[in-house]
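Asker: Next up, upload.csv (CSV, C-alpha atoms (C1' of nucleotides)).
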chain,number,residue,atom,x,y,z
A,1,MET,CA,133.9,87.7,120.2
A,2,PRO,CA,135.5,90.6,118.3
A,3,PRO,CA,139.3,90.8,118.3
A,4,PRO,CA,140.8,93.5,120.6
A,5,ASP,CA,142.3,95.0,117.6
A,6,GLY,CA,142.0,98.8,117.4
A,7,ARG,CA,141.2,99.0,113.8
A,8,ARG,CA,138.7,96.2,113.7
A,9,VAL,CA,136.9,97.5,116.7
A,10,ARG,CA,136.4,101.0,115.3
A,11,GLY,CA,135.2,99.5,112.0
A,12,ASP,CA,132.8,97.2,113.8
A,13,ARG,CA,131.2,100.1,115.6
A,14,ARG,CA,130.4,101.9,112.4
A,15,ARG,CA,129.2,98.7,110.9
A,16,ARG,CA,126.7,98.4,113.7
A,17,GLU,CA,125.7,102.1,113.4
A,18,ILE,CA,125.0,101.5,109.7
A,19,LEU,CA,122.9,98.4,110.4
A,20,ALA,CA,120.9,100.2,113.1
A,21,ALA,CA,120.3,103.2,110.7
A,22,THR,CA,119.2,100.8,108.0
A,23,LEU,CA,116.7,99.2,110.3
A,24,ARG,CA,115.3,102.6,111.2
A,25,VAL,CA,114.9,103.4,107.6
A,26,VAL,CA,113.1,100.1,107.0
A,27,GLU,CA,110.8,100.7,109.9
A,28,ARG,CA,110.0,104.2,108.7
A,29,ASP,CA,109.8,103.7,104.9
A,30,GLY,CA,110.0,100.0,104.3
A,31,VAL,CA,112.6,98.1,102.4
A,32,ALA,CA,111.7,100.3,99.4
A,33,GLY,CA,113.1,103.3,101.2
A,34,VAL,CA,116.5,101.8,101.7
A,35,SER,CA,119.3,103.2,99.5
A,36,HIS,CA,123.0,103.7,100.2
A,37,ARG,CA,122.3,107.4,100.5
A,38,SER,CA,119.2,107.3,102.7
A,39,VAL,CA,121.0,105.0,105.1
A,40,ALA,CA,124.1,107.2,105.1
A,41,ARG,CA,121.9,110.2,105.8
A,42,GLU,CA,120.1,108.5,108.6
A,43,ALA,CA,123.4,107.3,110.2
A,44,GLY,CA,125.1,110.7,109.7
A,45,VAL,CA,128.0,109.2,107.7
A,46,PRO,CA,129.2,109.9,104.2
A,47,THR,CA,127.6,107.8,101.5
A,48,THR,CA,130.9,106.0,100.7
A,49,SER,CA,130.9,104.6,104.2
A,50,THR,CA,127.9,102.4,103.5
A,51,THR,CA,129.4,101.1,100.3
A,52,TYR,CA,132.7,100.6,102.0
A,53,TYR,CA,131.2,98.2,104.6
A,54,TYR,CA,128.5,96.8,102.4
A,55,ALA,CA,129.6,96.8,98.8
A,56,THR,CA,126.2,96.2,97.3
A,57,LEU,CA,122.7,97.2,98.5
A,58,ASP,CA,121.8,93.5,98.7
A,59,GLU,CA,124.6,92.9,101.1
A,60,LEU,CA,123.4,95.7,103.3
A,61,LEU,CA,119.8,94.5,103.3
A,62,ILE,CA,120.7,90.9,104.1
A,63,ALA,CA,123.1,91.9,106.9
A,64,THR,CA,120.5,94.3,108.4
A,65,LEU,CA,117.6,91.9,108.4
A,66,THR,CA,119.6,88.9,109.5
A,67,TRP,CA,121.1,90.9,112.4
A,68,SER,CA,117.6,92.3,113.3
A,69,ALA,CA,116.1,88.9,113.5
A,70,GLU,CA,119.0,87.7,115.6
A,71,GLU,CA,118.5,90.7,117.9
A,72,MET,CA,114.8,90.2,118.2
A,73,ALA,CA,115.5,86.6,119.3
A,74,ALA,CA,116.8,87.9,122.6
A,75,SER,CA,113.6,89.7,123.5
A,76,PHE,CA,111.6,86.9,122.2
A,77,ARG,CA,113.0,84.4,124.7
A,78,GLN,CA,111.6,86.4,127.6
A,79,VAL,CA,108.0,85.8,126.6
A,80,SER,CA,106.4,83.2,128.9
A,81,LEU,CA,104.4,80.4,127.4
A,82,THR,CA,100.9,81.2,128.6
A,83,PRO,CA,98.2,82.2,126.0
A,84,ALA,CA,97.7,85.4,127.9
A,85,ALA,CA,101.4,86.4,127.6
A,86,VAL,CA,101.5,85.4,123.9
A,87,ALA,CA,98.3,87.5,123.2
A,88,ARG,CA,99.9,90.4,125.0
A,89,PHE,CA,103.1,89.9,122.8
A,90,ILE,CA,101.1,90.0,119.6
A,91,ALA,CA,99.1,93.0,120.7
A,92,ASP,CA,102.3,94.9,121.5
A,93,ALA,CA,103.9,93.8,118.2
A,94,ALA,CA,101.0,95.2,116.2
A,95,GLY,CA,100.7,98.2,118.4
A,96,PRO,CA,103.6,100.0,120.1
A,97,HIS,CA,106.2,97.9,118.1
A,98,ARG,CA,104.4,98.1,114.9
A,99,GLY,CA,107.2,99.6,112.9
A,100,ARG,CA,109.7,97.0,114.0
A,101,THR,CA,107.3,94.2,113.4
A,102,LEU,CA,106.5,95.4,109.9
A,103,ALA,CA,110.2,95.6,109.2
A,104,GLU,CA,110.5,92.0,110.4
A,105,TYR,CA,107.7,90.8,108.2
A,106,GLU,CA,109.2,92.5,105.2
A,107,LEU,CA,112.3,90.4,105.8
A,108,TYR,CA,110.1,87.4,106.2
A,109,LEU,CA,108.6,87.9,102.7
A,110,LEU,CA,111.8,89.0,101.2
A,111,ALA,CA,113.1,85.5,102.2
A,112,ALA,CA,110.7,84.1,99.7
A,113,ARG,CA,112.6,85.7,96.9
A,114,ARG,CA,116.1,85.6,98.4
A,115,PRO,CA,117.4,82.3,99.7
A,116,GLU,CA,120.1,84.1,101.7
A,117,LEU,CA,117.5,85.3,104.1
A,118,ARG,CA,115.8,82.0,104.6
A,119,ALA,CA,118.0,81.1,107.6
A,120,ALA,CA,117.0,84.3,109.4
A,121,ALA,CA,113.3,83.8,108.6
A,122,ARG,CA,113.4,80.2,109.9
A,123,ARG,CA,115.0,81.5,113.1
A,124,TRP,CA,111.8,83.3,113.7
A,125,ILE,CA,109.8,80.2,113.3
A,126,SER,CA,112.0,78.1,115.5
A,127,LEU,CA,111.7,80.8,118.2
A,128,MET,CA,108.0,80.6,118.0
A,129,ALA,CA,108.3,76.9,118.3
A,130,GLU,CA,109.9,77.4,121.7
A,131,VAL,CA,107.0,79.6,122.7
A,132,ALA,CA,104.5,77.0,121.5
A,133,GLY,CA,106.2,74.3,123.7
A,134,PRO,CA,106.7,70.7,122.9
A,135,ARG,CA,104.0,68.9,121.0
A,136,ASP,CA,103.8,66.5,118.0
A,137,PRO,CA,104.9,67.8,114.6
A,138,VAL,CA,101.5,68.2,113.0
A,139,ALA,CA,100.1,70.1,116.0
A,140,LEU,CA,103.3,72.2,116.2
A,141,ARG,CA,103.0,73.2,112.6
A,142,ALA,CA,99.3,74.2,113.1
A,143,VAL,CA,100.1,76.3,116.2
A,144,LEU,CA,103.1,78.1,114.4
A,145,ALA,CA,101.0,78.8,111.4
A,146,GLY,CA,98.2,80.1,113.6
A,147,LEU,CA,100.4,82.5,115.5
A,148,ASP,CA,102.1,83.7,112.3
A,149,GLY,CA,98.8,84.4,110.7
A,150,LEU,CA,97.4,86.1,113.8
A,151,LEU,CA,100.4,88.4,113.7
A,152,ILE,CA,100.2,89.4,110.1
A,153,GLN,CA,96.4,89.9,110.2
A,154,ALA,CA,96.9,92.1,113.2
A,155,LEU,CA,99.2,94.3,111.1
A,156,ILE,CA,96.7,94.9,108.4
A,157,ALA,CA,93.8,95.7,110.7
A,158,ASP,CA,92.6,99.3,110.9
A,159,PHE,CA,93.2,99.3,114.6
A,160,PRO,CA,95.7,97.0,116.4
A,161,PRO,CA,93.8,94.3,118.3
A,162,MET,CA,93.7,94.3,122.0
A,163,ALA,CA,95.3,91.5,124.0
A,164,GLU,CA,92.0,90.7,125.7
A,165,ASP,CA,90.4,90.0,122.2
A,166,LEU,CA,93.4,88.0,121.1
A,167,GLU,CA,93.6,85.9,124.2
A,168,PRO,CA,90.7,83.4,123.5
A,169,VAL,CA,92.0,82.9,119.9
A,170,VAL,CA,95.5,82.3,121.0
A,171,SER,CA,94.2,80.0,123.7
A,172,LEU,CA,92.2,78.0,121.2
A,173,LEU,CA,95.2,77.6,119.0
A,174,MET,CA,97.7,76.7,121.7
A,175,LEU,CA,95.5,74.5,123.9
A,176,GLY,CA,93.2,73.2,121.2
A,177,GLY,CA,90.0,74.3,123.0
B,1,MET,CA,79.2,97.1,83.0
B,2,PRO,CA,81.3,99.3,80.6
B,3,PRO,CA,79.4,101.7,78.3
B,4,PRO,CA,79.3,100.6,74.6
B,5,ASP,CA,81.2,103.7,73.8
B,6,GLY,CA,84.0,103.2,71.3
B,7,ARG,CA,86.5,105.4,73.0
B,8,ARG,CA,85.9,104.2,76.4
B,9,VAL,CA,86.1,100.6,75.4
B,10,ARG,CA,89.4,101.0,73.6
B,11,GLY,CA,90.8,102.9,76.6
B,12,ASP,CA,89.6,100.2,79.0
B,13,ARG,CA,91.3,97.5,77.0
B,14,ARG,CA,94.7,99.3,77.3
B,15,ARG,CA,93.9,99.9,81.0
B,16,ARG,CA,93.6,96.1,81.5
B,17,GLU,CA,96.7,95.4,79.5
B,18,ILE,CA,98.7,97.8,81.7
B,19,LEU,CA,97.3,96.2,84.8
B,20,ALA,CA,98.1,92.7,83.6
B,21,ALA,CA,101.7,93.8,82.7
B,22,THR,CA,102.1,95.3,86.1
B,23,LEU,CA,101.1,92.1,87.7
B,24,ARG,CA,103.6,90.2,85.6
B,25,VAL,CA,106.3,92.6,86.7
B,26,VAL,CA,105.3,92.1,90.4
B,27,GLU,CA,105.3,88.4,90.0
B,28,ARG,CA,108.8,88.5,88.4
B,29,ASP,CA,110.6,91.2,90.3
B,30,GLY,CA,108.3,92.1,93.2
B,31,VAL,CA,106.7,95.5,93.9
B,32,ALA,CA,110.2,96.9,94.0
B,33,GLY,CA,110.6,96.2,90.3
B,34,VAL,CA,107.5,98.3,89.3
B,35,SER,CA,108.2,101.6,87.5
B,36,HIS,CA,106.2,103.4,84.9
B,37,ARG,CA,108.9,102.4,82.4
B,38,SER,CA,109.3,98.7,83.4
B,39,VAL,CA,105.6,98.3,83.1
B,40,ALA,CA,105.4,100.1,79.8
B,41,ARG,CA,108.2,97.9,78.5
B,42,GLU,CA,106.4,94.8,79.7
B,43,ALA,CA,103.1,95.8,78.1
B,44,GLY,CA,104.8,97.0,74.9
B,45,VAL,CA,103.4,100.5,75.1
B,46,PRO,CA,105.1,103.8,75.4
B,47,THR,CA,105.9,105.1,78.9
B,48,THR,CA,103.4,107.9,78.6
B,49,SER,CA,100.6,105.4,78.3
B,50,THR,CA,101.1,104.2,81.8
B,51,THR,CA,101.1,107.7,83.2
B,52,TYR,CA,98.1,108.7,81.1
B,53,TYR,CA,95.9,106.0,82.7
B,54,TYR,CA,97.5,106.0,86.1
B,55,ALA,CA,98.9,109.4,86.9
B,56,THR,CA,101.1,108.3,89.8
B,57,LEU,CA,102.9,105.1,90.5
B,58,ASP,CA,100.8,104.6,93.7
B,59,GLU,CA,97.7,104.8,91.6
B,60,LEU,CA,99.0,102.1,89.3
B,61,LEU,CA,100.0,99.8,92.2
B,62,ILE,CA,96.8,100.2,94.0
B,63,ALA,CA,94.7,99.5,90.9
B,64,THR,CA,96.8,96.5,90.0
B,65,LEU,CA,96.7,94.8,93.3
B,66,THR,CA,93.1,95.6,94.0
B,67,TRP,CA,92.2,94.1,90.6
B,68,SER,CA,94.4,91.1,91.1
B,69,ALA,CA,92.8,90.3,94.4
B,70,GLU,CA,89.4,90.7,92.8
B,71,GLU,CA,90.4,88.4,90.0
B,72,MET,CA,91.8,85.8,92.4
B,73,ALA,CA,88.5,85.8,94.2
B,74,ALA,CA,86.9,84.1,91.2
B,75,SER,CA,89.2,81.1,91.2
B,76,PHE,CA,89.0,81.0,95.0
B,77,ARG,CA,85.3,80.3,95.1
B,78,GLN,CA,85.8,77.1,93.2
B,79,VAL,CA,87.8,75.5,96.0
B,80,SER,CA,85.7,73.1,97.9
B,81,LEU,CA,85.6,73.0,101.6
B,82,THR,CA,87.3,69.7,102.4
B,83,PRO,CA,90.7,69.8,104.2
B,84,ALA,CA,92.2,67.8,101.3
B,85,ALA,CA,91.1,70.3,98.7
B,86,VAL,CA,92.4,73.2,100.8
B,87,ALA,CA,95.7,71.4,101.3
B,88,ARG,CA,95.9,71.0,97.5
B,89,PHE,CA,95.2,74.7,97.1
B,90,ILE,CA,98.0,75.7,99.4
B,91,ALA,CA,100.4,73.3,97.8
B,92,ASP,CA,99.6,74.7,94.3
B,93,ALA,CA,99.8,78.3,95.6
B,94,ALA,CA,103.3,77.7,96.9
B,95,GLY,CA,104.3,75.5,93.9
B,96,PRO,CA,103.0,76.1,90.4
B,97,HIS,CA,101.4,79.5,91.3
B,98,ARG,CA,104.2,80.7,93.5
B,99,GLY,CA,104.9,83.9,91.6
B,100,ARG,CA,101.3,84.9,91.7
B,101,THR,CA,100.9,84.0,95.4
B,102,LEU,CA,104.0,86.0,96.2
B,103,ALA,CA,102.7,89.0,94.4
B,104,GLU,CA,99.4,88.6,96.3
B,105,TYR,CA,101.3,88.5,99.6
B,106,GLU,CA,103.3,91.6,98.8
B,107,LEU,CA,99.9,93.4,98.4
B,108,TYR,CA,98.9,91.9,101.7
B,109,LEU,CA,101.9,93.4,103.5
B,110,LEU,CA,101.7,96.6,101.5
B,111,ALA,CA,98.3,97.1,103.0
B,112,ALA,CA,99.9,97.4,106.4
B,113,ARG,CA,101.5,100.6,105.2
B,114,ARG,CA,98.8,101.9,102.8
B,115,PRO,CA,95.3,102.0,104.0
B,116,GLU,CA,94.0,102.2,100.4
B,117,LEU,CA,94.9,98.6,100.0
B,118,ARG,CA,93.2,97.3,103.2
B,119,ALA,CA,89.9,96.7,101.5
B,120,ALA,CA,91.6,94.4,98.9
B,121,ALA,CA,93.5,92.6,101.7
B,122,ARG,CA,90.4,92.0,103.7
B,123,ARG,CA,88.7,90.6,100.6
B,124,TRP,CA,91.3,87.9,100.8
B,125,ILE,CA,90.4,87.1,104.4
B,126,SER,CA,86.7,87.1,103.8
B,127,LEU,CA,87.2,84.7,101.0
B,128,MET,CA,89.1,82.4,103.2
B,129,ALA,CA,86.3,82.7,105.7
B,130,GLU,CA,84.0,81.2,103.1
B,131,VAL,CA,86.4,78.3,102.7
B,132,ALA,CA,86.5,77.8,106.4
B,133,GLY,CA,82.7,77.5,106.6
B,134,PRO,CA,80.5,78.8,109.3
B,135,ARG,CA,81.7,78.6,112.9
B,136,ASP,CA,81.8,80.9,115.9
B,137,PRO,CA,84.0,84.0,115.7
B,138,VAL,CA,86.8,82.9,117.9
B,139,ALA,CA,87.2,79.6,116.0
B,140,LEU,CA,86.9,81.3,112.7
B,141,ARG,CA,89.6,83.7,113.5
B,142,ALA,CA,91.9,80.8,114.6
B,143,VAL,CA,91.2,78.9,111.3
B,144,LEU,CA,91.8,82.0,109.2
B,145,ALA,CA,95.1,82.8,110.9
B,146,GLY,CA,96.2,79.2,110.6
B,147,LEU,CA,95.5,79.0,106.9
B,148,ASP,CA,97.2,82.3,106.4
B,149,GLY,CA,100.3,81.3,108.3
B,150,LEU,CA,100.5,78.0,106.6
B,151,LEU,CA,100.5,79.7,103.2
B,152,ILE,CA,103.2,82.2,104.1
B,153,GLN,CA,105.4,79.6,105.7
B,154,ALA,CA,105.0,77.5,102.6
B,155,LEU,CA,106.4,80.4,100.6
B,156,ILE,CA,109.6,80.7,102.5
B,157,ALA,CA,110.3,76.9,102.6
B,158,ASP,CA,113.2,75.7,100.5
B,159,PHE,CA,110.9,73.4,98.7
B,160,PRO,CA,107.1,73.9,98.4
B,161,PRO,CA,105.3,71.5,100.7
B,162,MET,CA,103.3,68.6,99.2
B,163,ALA,CA,99.5,68.5,99.6
B,164,GLU,CA,99.8,65.2,101.4
B,165,ASP,CA,102.0,66.7,104.1
B,166,LEU,CA,99.8,69.7,104.4
B,167,GLU,CA,96.6,67.8,104.7
B,168,PRO,CA,96.8,66.6,108.3
B,169,VAL,CA,97.7,70.1,109.5
B,170,VAL,CA,94.9,71.7,107.5
B,171,SER,CA,92.6,69.0,108.9
B,172,LEU,CA,93.6,69.7,112.4
B,173,LEU,CA,93.1,73.4,111.9
B,174,MET,CA,89.7,73.1,110.2
B,175,LEU,CA,88.2,70.3,112.2
B,176,GLY,CA,90.0,70.8,115.4
B,177,GLY,CA,91.3,67.2,115.7
C,1,DA,C1',82.6,120.4,57.3
C,2,DA,C1',84.2,122.1,61.7
C,3,DA,C1',84.8,121.4,66.5
C,4,DC,C1',85.7,118.6,70.1
C,5,DA,C1',87.4,115.2,73.5
C,6,DA,C1',89.9,110.9,74.1
C,7,DG,C1',93.8,108.7,73.2
C,8,DT,C1',98.7,108.4,71.7
C,9,DT,C1',103.4,109.4,71.6
C,10,DG,C1',108.5,111.2,71.6
C,11,DA,C1',111.2,114.3,73.9
C,12,DA,C1',112.7,116.5,77.8
C,13,DC,C1',112.8,118.0,82.9
C,14,DA,C1',115.2,117.6,87.2
C,15,DG,C1',116.1,114.5,90.8
C,16,DT,C1',117.8,110.1,92.6
C,17,DT,C1',120.0,105.9,92.2
C,18,DG,C1',124.3,102.3,92.7
C,19,DT,C1',128.8,102.4,92.3
C,20,DT,C1',133.6,103.8,91.4
C,21,DC,C1',137.7,106.6,91.8
C,22,DC,C1',141.1,109.1,94.1
C,23,DA,C1',143.2,111.7,97.7
C,24,DC,C1',143.7,111.7,102.4
C,25,DT,C1',144.2,110.5,107.6
C,26,DA,C1',145.2,107.6,111.4
C,27,DG,C1',146.6,103.9,113.6
C,28,DT,C1',150.0,99.4,113.5
C,29,DC,C1',154.0,96.7,112.4
C,30,DT,C1',159.0,96.2,111.3
D,1,DA,C1',161.7,106.4,110.9
D,2,DG,C1',159.3,104.3,107.0
D,3,DA,C1',156.0,101.2,105.0
D,4,DC,C1',151.6,99.3,105.1
D,5,DT,C1',146.7,98.9,105.7
D,6,DA,C1',142.0,100.1,107.4
D,7,DG,C1',139.2,103.6,107.4
D,8,DT,C1',137.3,108.1,105.7
D,9,DG,C1',135.2,111.1,102.6
D,10,DG,C1',134.4,114.4,98.5
D,11,DA,C1',133.5,114.3,93.7
D,12,DA,C1',131.9,112.3,89.8
D,13,DC,C1',129.8,108.5,86.5
D,14,DA,C1',126.2,106.8,83.8
D,15,DA,C1',121.8,104.8,84.4
D,16,DC,C1',117.5,105.2,85.9
D,17,DT,C1',113.5,107.4,88.1
D,18,DG,C1',108.5,110.0,88.2
D,19,DT,C1',106.4,113.3,85.8
D,20,DT,C1',105.3,117.0,82.5
D,21,DC,C1',104.9,119.0,77.9
D,22,DA,C1',103.4,119.8,73.5
D,23,DA,C1',102.4,117.8,69.1
D,24,DC,C1',99.8,114.5,66.8
D,25,DT,C1',96.0,111.0,65.5
D,26,DT,C1',91.6,109.2,65.9
D,27,DG,C1',86.7,108.7,66.4
D,28,DT,C1',82.4,111.1,67.6
D,29,DT,C1',79.2,114.9,67.9
D,30,DT,C1',77.1,118.9,65.9
Render the structure in this file as structure tokens.
Answerer:
Amino acid sequence: MPPPDGRRVRGDRRRREILAATLRVVERDGVAGVSHRSVAREAGVPTTSTTYYYATLDELLIATLTWSAEEMAASFRQVSLTPAAVARFIADAAGPHRGRTLAEYELYLLAARRPELRAAARRWISLMAEVAGPRDPVALRAVLAGLDGLLIQALIADFPPMAEDLEPVVSLLMLGG
Amino acid sequence: MPPPDGRRVRGDRRRREILAATLRVVERDGVAGVSHRSVAREAGVPTTSTTYYYATLDELLIATLTWSAEEMAASFRQVSLTPAAVARFIADAAGPHRGRTLAEYELYLLAARRPELRAAARRWISLMAEVAGPRDPVALRAVLAGLDGLLIQALIADFPPMAEDLEPVVSLLMLGG
DNA sequence: AAACAAGTTGAACAGTTGTTCCACTAGTCT
DNA sequence: AGACTAGTGGAACAACTGTTCAACTTGTTT
């Protein structure tokens, strides 16, 4: 809950605008395309604004990707637990929401190099665990890995897979037959 | 088979040195750390050498990652098909060979943005298909996704998982129980 | 021996980068 | 009213980037 302080509130808005702009840049050009200047250009603010709120590029990246994972969590919770719904979710993630999903996966991999991002990355996994439903630890791990791999393989396919094709695979992973 | 031509042979050697140096840079600093100059420094050659053999940075990256996937294929074929061996492979990939595996996964994800890398990325998948052994398409896809996800999740864990912990999960994925 | 292509290299180009500095405005507190 | 602080933004810094150029060496072919 932000304080009802005039100054802070104004600052927070611009903070969010910068984060949103950064995410758009990542979606469009990948993490590689993020610079203080490219983000400032995208947000329509002077370059010094981005450095004012996020002193270093690392800080900016970490804040963006953490926030983005947090934001994605909200929409994630609305997915129901049937294999068909999960298949539809993966198909959408690799199709219409491709850019966003790609950005999210770059965070995922960046977490391998930057421990600060691990929390956000694990957030992803624990959300998938909710989707997978309760089951014993070994089976849970297998399902999570399966859904994760399905998603990433969908991203590098020449054409995004269709939900109907995904459904039997998801079903096999989630129901074990 | 390279021609026994003196000039070409000498050139090819330097080509390989540059590729190897690039891979080392990717392992150490990620794709983000690759520049004509950083690679040249790593290889101990002048900057113009890297541009002579690979006119653009993209060309260099694509060549390196394609070659690296091809090279990894060799060691991959030696993995036997038992769940225990696959578990050991994953544990090693996330532990001792972490840098290399990370580099390989950055290729994997880069393929999502650059179609030129898709062939190399799919090579990965088809190699895993060999490890998985023959089975019907749906089951194969589930196993491949599972192994893929297990590997990537091992990379973002705080500590690399041990083969013993991995083994039951791999077993469940491969044998379905 | 001359001609040629392949390979090698230092220097330089213009453009971009992260980051810092300083002057300025606009709200808030005393 | 004056002092203070958060926020704003223009200009500049040195460092680095991808890429090109022209000069040079080397090995091979005629």
Asker: Could you please select, counting only C-alpha atoms (C1' of nucleotides), the residues of chain B within 8 Å of chain C and state them as a list of chain:residue names?
Answerer: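 Residues passing the distance filter: B:Arg7, B:Gly11, B:Pro46, B:Thr48, B:Ser49.
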Asker: Using all atoms listed in the file and a cut-off of 8 Å, which residues of chain D sit close to chain B? Please list them as a count of residues only.
Answerer: 3
Asker: What are the residues of chain B that have an atom within 10 Å of an atom of chain A, counting all atoms listed in the file, as a PDB file with C-alpha atoms, in the coordinates of the input?
Answerer:
ATOM      1  CA  ARG B  28     108.800  88.500  88.400  1.00  0.00           C
ATOM      2  CA  ASP B  29     110.600  91.200  90.300  1.00  0.00           C
ATOM      3  CA  GLY B  30     108.300  92.100  93.200  1.00  0.00           C
ATOM      4  CA  VAL B  31     106.700  95.500  93.900  1.00  0.00           C
ATOM      5  CA  ALA B  32     110.200  96.900  94.000  1.00  0.00           C
ATOM      6  CA  ARG B  98     104.200  80.700  93.500  1.00  0.00           C
ATOM      7  CA  GLY B  99     104.900  83.900  91.600  1.00  0.00           C
ATOM      8  CA  LEU B 102     104.000  86.000  96.200  1.00  0.00           C
ATOM      9  CA  TYR B 105     101.300  88.500  99.600  1.00  0.00           C
ATOM     10  CA  GLU B 106     103.300  91.600  98.800  1.00  0.00           C
ATOM     11  CA  TYR B 108      98.900  91.900 101.700  1.00  0.00           C
ATOM     12  CA  LEU B 109     101.900  93.400 103.500  1.00  0.00           C
ATOM     13  CA  LEU B 110     101.700  96.600 101.500  1.00  0.00           C
ATOM     14  CA  ALA B 111      98.300  97.100 103.000  1.00  0.00           C
ATOM     15  CA  ALA B 112      99.900  97.400 106.400  1.00  0.00           C
ATOM     16  CA  ARG B 113     101.500 100.600 105.200  1.00  0.00           C
ATOM     17  CA  ARG B 114      98.800 101.900 102.800  1.00  0.00           C
ATOM     18  CA  PRO B 115      95.300 102.000 104.000  1.00  0.00           C
ATOM     19  CA  LEU B 117      94.900  98.600 100.000  1.00  0.00           C
ATOM     20  CA  ARG B 118      93.200  97.300 103.200  1.00  0.00           C
ATOM     21  CA  ALA B 119      89.900  96.700 101.500  1.00  0.00           C
ATOM     22  CA  ALA B 121      93.500  92.600 101.700  1.00  0.00           C
ATOM     23  CA  ARG B 122      90.400  92.000 103.700  1.00  0.00           C
ATOM     24  CA  ILE B 125      90.400  87.100 104.400  1.00  0.00           C
ATOM     25  CA  PRO B 137      84.000  84.000 115.700  1.00  0.00           C
ATOM     26  CA  VAL B 138      86.800  82.900 117.900  1.00  0.00           C
ATOM     27  CA  ALA B 139      87.200  79.600 116.000  1.00  0.00           C
ATOM     28  CA  LEU B 140      86.900  81.300 112.700  1.00  0.00           C
ATOM     29  CA  ARG B 141      89.600  83.700 113.500  1.00  0.00           C
ATOM     30  CA  ALA B 142      91.900  80.800 114.600  1.00  0.00           C
ATOM     31  CA  VAL B 143      91.200  78.900 111.300  1.00  0.00           C
ATOM     32  CA  LEU B 144      91.800  82.000 109.200  1.00  0.00           C
ATOM     33  CA  ALA B 145      95.100  82.800 110.900  1.00  0.00           C
ATOM     34  CA  GLY B 146      96.200  79.200 110.600  1.00  0.00           C
ATOM     35  CA  LEU B 147      95.500  79.000 106.900  1.00  0.00           C
ATOM     36  CA  ASP B 148      97.200  82.300 106.400  1.00  0.00           C
ATOM     37  CA  GLY B 149     100.300  81.300 108.300  1.00  0.00           C
ATOM     38  CA  LEU B 150     100.500  78.000 106.600  1.00  0.00           C
ATOM     39  CA  LEU B 151     100.500  79.700 103.200  1.00  0.00           C
ATOM     40  CA  ILE B 152     103.200  82.200 104.100  1.00  0.00           C
ATOM     41  CA  GLN B 153     105.400  79.600 105.700  1.00  0.00           C
ATOM     42  CA  ALA B 154     105.000  77.500 102.600  1.00  0.00           C
ATOM     43  CA  LEU B 155     106.400  80.400 100.600  1.00  0.00           C
ATOM     44  CA  ILE B 156     109.600  80.700 102.500  1.00  0.00           C
ATOM     45  CA  ALA B 157     110.300  76.900 102.600  1.00  0.00           C
ATOM     46  CA  ASP B 158     113.200  75.700 100.500  1.00  0.00           C
ATOM     47  CA  ASP B 165     102.000  66.700 104.100  1.00  0.00           C
ATOM     48  CA  LEU B 166      99.800  69.700 104.400  1.00  0.00           C
ATOM     49  CA  GLU B 167      96.600  67.800 104.700  1.00  0.00           C
ATOM     50  CA  PRO B 168      96.800  66.600 108.300  1.00  0.00           C
ATOM     51  CA  VAL B 169      97.700  70.100 109.500  1.00  0.00           C
ATOM     52  CA  VAL B 170      94.900  71.700 107.500  1.00  0.00           C
ATOM     53  CA  SER B 171      92.600  69.000 108.900  1.00  0.00           C
ATOM     54  CA  LEU B 172      93.600  69.700 112.400  1.00  0.00           C
ATOM     55  CA  LEU B 173      93.100  73.400 111.900  1.00  0.00           C
ATOM     56  CA  GLY B 176      90.000  70.800 115.400  1.00  0.00           C
ATOM     57  CA  GLY B 177      91.300  67.200 115.700  1.00  0.00           C
TER      58      GLY B 177
END
Asker: As an exercise, work out the distance from atom CA of Asp92 of chain B to atom CA of Ala120 of chain B in Å and give it to one decimal place.
Answerer: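 Atom-to-atom, atom CA of Asp92 of chain B to atom CA of Ala120 of chain B, that is 21.8 Å.
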Asker: Could you tell me how far atom CA of Ala129 of chain A lies from atom CA of Glu164 of chain A, in Å and to one decimal?
Answerer: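 For atom CA of Ala129 of chain A relative to atom CA of Glu164 of chain A, the distance reads 22.6 Å.
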Asker: What's the separation between atom CA of Arg88 of chain A and atom CA of Phe76 of chain A, in Å to one decimal place?
Answerer: 12.5 Å
Asker: Give me the residues within 8 Å of Leu19 of chain A as a PyMOL selection string, counting only C-alpha atoms (C1' of nucleotides) and dropping any in the same chain fewer than 2 places off.
Answerer: chain A and resi 15-17+21-23+60+63-64+67
Asker: Write a file of the selected residues as an mmCIF file, in the coordinates of the input, keeping C-alpha atoms.
Answerer:
data_model
loop_
_atom_site.group_PDB
_atom_site.id
_atom_site.type_symbol
_atom_site.label_atom_id
_atom_site.label_comp_id
_atom_site.auth_asym_id
_atom_site.auth_seq_id
_atom_site.Cartn_x
_atom_site.Cartn_y
_atom_site.Cartn_z
ATOM 1 C CA ARG A 15 129.200 98.700 110.900
ATOM 2 C CA ARG A 16 126.700 98.400 113.700
ATOM 3 C CA GLU A 17 125.700 102.100 113.400
ATOM 4 C CA ALA A 21 120.300 103.200 110.700
ATOM 5 C CA THR A 22 119.200 100.800 108.000
ATOM 6 C CA LEU A 23 116.700 99.200 110.300
ATOM 7 C CA LEU A 60 123.400 95.700 103.300
ATOM 8 C CA ALA A 63 123.100 91.900 106.900
ATOM 9 C CA THR A 64 120.500 94.300 108.400
ATOM 10 C CA TRP A 67 121.100 90.900 112.400
#
Asker: How big is the axis-aligned box around all listed atoms of segment 2-7 of chain C once 4 Å goes on each side, and where's its centre, in Å to one decimal, as lines of an AutoDock Vina configuration file?
Answerer:
center_x = 89.0
center_y = 115.4
center_z = 67.9
size_x = 17.6
size_y = 21.4
size_z = 20.4
